[in-house]
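Worksheet: the structure to be examined is printed underneath.
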Amino acid sequence: MSISRIGRFLATSLSLVFLTTFLILYYSPKIVILLALALSLYSLFLTSIVVVVFSEDWREFNYEDLTTTAIFSSILYISNFFSTLLPSFIFYVIPFAAGLTFYLPASMLYGIYKKICRKRGSSFLLLVAYGFISMFFSPAIFWFPYFLAWGSMLELIDGDDYLCGIMFGLAGAGLAVDYMLVAWGYYRPVFIAIPAIIGDSLITLLGYKIGGEIGEELLKIIH
């Protein structure tokens, strides 16, 4: 694991923590448009970096890669859909309920996907496809940069190890806190939001490791 890769992981993680803290501390309905602009610019900045850096790599994707991505992005949406059917009080009374009901199975799927599709740019492509599916069934254009930023954060650290598992939950949960706050006014204090994000990232580390092992077994069967 290179130092530069660890540096990218720390820089990306800290930038998200600082952004989340800033949005929570300065949140007010009176300036929500400015906060939404700041959040959108943050997401699009990450996306622009990934698009430029990996512009050549996406030409390497074949029909098998695209089909695999389409299948797994669809399953991710289905996983999220079923988690939303649970009674809302569960997410208030059970610690890390979102992590257990969505991020755990989602990270397992991501772990399997990364073993099957190892090409650079695959994480970004998966989350973009997931975003398009979500926008089709639940149109909310403001949320689309959420998927772009999530995929970008995963791609910036690249690789196929525990950092990917941690970042899957850190980026997914952290950005979700930001977008729910700005878009829906769903406010949680910093001392609750940040530990919850970290907890979700640890849950996704476990899910990613389990999914990776399943993916390894699937590869043996496929090949």
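The chains in the structure tokens are called A, B, ... from first to last as shown; in each chain the residues are counted from 1, and the ligands are counted from 1 in the order shown.
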Handout entry: Filtered DSSP result for stretch 120-182 of chain A, state alpha helix (DSSP H), as JSON, numbers by chain
Key = {"A": [122, 123, 124, 125, 126, 127, 128, 129, 130, 131, 132, 133, 134, 135, 136, 137, 144, 145, 146, 147, 148, 149, 150, 151, 152, 153, 154, 155, 156, 157, 162, 163, 164, 165, 166, 167, 168, 169, 170, 171, 172, 173, 174, 175, 176, 177, 178, 179, 180, 181, 182]}
Please identify all polymer residues within 10 Å of A:Arg118, counting only C-alpha atoms, omitting same-chain residues fewer than 3 positions from it, and present them as an MDAnalysis selection string.
chainID A and resid 65 113:115 121:123 158:160
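With only C-alpha atoms as the atoms that count, the minimum distance from A:Ala176 to the choices A:Gly212, A:Thr20, A:Thr101, A:Val32 is reached by A:Thr20.
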Identify, on the basis of only C-alpha atoms, every residue whose closest approach to A:Tyr187 does not exceed 12 Å; exclude the query and any residue fewer than 2 positions from it along the same chain; express the result as a list in words.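 The residues satisfying every condition are Thr20, Thr21, Leu23, Ile24, Leu25, Tyr26, Tyr27, Ser28, Pro29, Ala176, Val177, Asp178, Tyr179, Met180, Leu181, Val182, Ala183, Trp184, Gly185, Pro189, Val190, Phe191, Ile192 and Ala193 of chain A.
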Between A:Leu125, A:Ile157, A:Tyr162, A:Ser138, which has the minimum distance to A:Ser55 (counting only C-alpha atoms)?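 Going through A:Leu125, A:Ile157, A:Tyr162, A:Ser138 one by one, the smallest distance to A:Ser55 is for A:Leu125.
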Open item on the list: Considering only C-alpha atoms, can you say which of A:Ser79, A:Thr69, A:Thr12, A:Asn62 comes closest to A:Tyr42?
Closed with: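 Nearest to A:Tyr42: A:Thr12.
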Q.
Which residues are near A:Gly174? Cut-off 10 Å, only C-alpha atoms, ignore same chain within fewer than 4 positions. Put them as number ranges by chain.
A. A: 13, 16-17, 19-20, 150, 167-170, 178-179, 193-194, 196-198, 200-201
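Shortest separation to A:Leu126 among A:Phe72, A:Ala36, A:Ile78, A:Ala106 occurs at residue A:Phe72, atoms counted being only C-alpha atoms.
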Q.
For A:Leu109, find every residue with an atom within 12 Å (counting only C-alpha atoms), except residues of its own chain fewer than 5 positions away, and show them as a ChimeraX atom specification.
A. /A:68-69,71-80,102-104,114-117,123,126,165,168,204,206-215
Could the residues in this selection be written to a file with C-alpha atoms, as a PDB file, in the first residue's frame?
ATOM      1  CA  THR A  68     -21.679  -6.861 -14.643  1.00  0.00           C
ATOM      2  CA  THR A  69     -21.877  -3.206 -13.605  1.00  0.00           C
ATOM      3  CA  ILE A  71     -26.458  -6.053 -12.766  1.00  0.00           C
ATOM      4  CA  PHE A  72     -24.745  -4.993  -9.544  1.00  0.00           C
ATOM      5  CA  SER A  73     -26.001  -1.400  -9.702  1.00  0.00           C
ATOM      6  CA  SER A  74     -29.535  -2.761 -10.083  1.00  0.00           C
ATOM      7  CA  ILE A  75     -29.096  -5.072  -7.096  1.00  0.00           C
ATOM      8  CA  LEU A  76     -27.740  -2.144  -5.065  1.00  0.00           C
ATOM      9  CA  TYR A  77     -30.893  -0.177  -5.826  1.00  0.00           C
ATOM     10  CA  ILE A  78     -33.087  -3.134  -4.867  1.00  0.00           C
ATOM     11  CA  SER A  79     -31.163  -3.495  -1.597  1.00  0.00           C
ATOM     12  CA  ASN A  80     -31.733   0.166  -0.811  1.00  0.00           C
ATOM     13  CA  PHE A 102     -28.377  -1.087   3.860  1.00  0.00           C
ATOM     14  CA  TYR A 103     -24.624  -0.501   4.070  1.00  0.00           C
ATOM     15  CA  LEU A 104     -23.804  -4.031   5.257  1.00  0.00           C
ATOM     16  CA  LYS A 114     -14.656  -5.498  -7.048  1.00  0.00           C
ATOM     17  CA  LYS A 115     -13.399  -9.069  -7.251  1.00  0.00           C
ATOM     18  CA  ILE A 116     -15.206  -9.658 -10.535  1.00  0.00           C
ATOM     19  CA  CYS A 117     -14.529  -6.266 -12.139  1.00  0.00           C
ATOM     20  CA  SER A 123     -16.272   1.887  -8.720  1.00  0.00           C
ATOM     21  CA  LEU A 126     -21.004   1.356 -10.581  1.00  0.00           C
ATOM     22  CA  GLY A 165     -14.380  -1.223   2.458  1.00  0.00           C
ATOM     23  CA  PHE A 168     -17.567   2.698   0.888  1.00  0.00           C
ATOM     24  CA  THR A 204     -18.973  -1.724   5.496  1.00  0.00           C
ATOM     25  CA  LEU A 206     -16.903  -6.136   7.499  1.00  0.00           C
ATOM     26  CA  GLY A 207     -19.355  -6.400   4.606  1.00  0.00           C
ATOM     27  CA  TYR A 208     -16.633  -5.720   2.052  1.00  0.00           C
ATOM     28  CA  LYS A 209     -14.415  -8.460   3.473  1.00  0.00           C
ATOM     29  CA  ILE A 210     -17.290 -10.963   3.394  1.00  0.00           C
ATOM     30  CA  GLY A 211     -18.228  -9.918  -0.141  1.00  0.00           C
ATOM     31  CA  GLY A 212     -14.610 -10.179  -1.261  1.00  0.00           C
ATOM     32  CA  GLU A 213     -14.411 -13.770  -0.056  1.00  0.00           C
ATOM     33  CA  ILE A 214     -17.658 -14.610  -1.847  1.00  0.00           C
ATOM     34  CA  GLY A 215     -16.302 -12.929  -4.971  1.00  0.00           C
TER      35      GLY A 215
END
As an exercise, work out the distance from atom CA of A:Ser152 to atom CA of A:Ile31 in Å and give it to one decimal place.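 Between atom CA of A:Ser152 and atom CA of A:Ile31 the gap works out to 26.9 Å.
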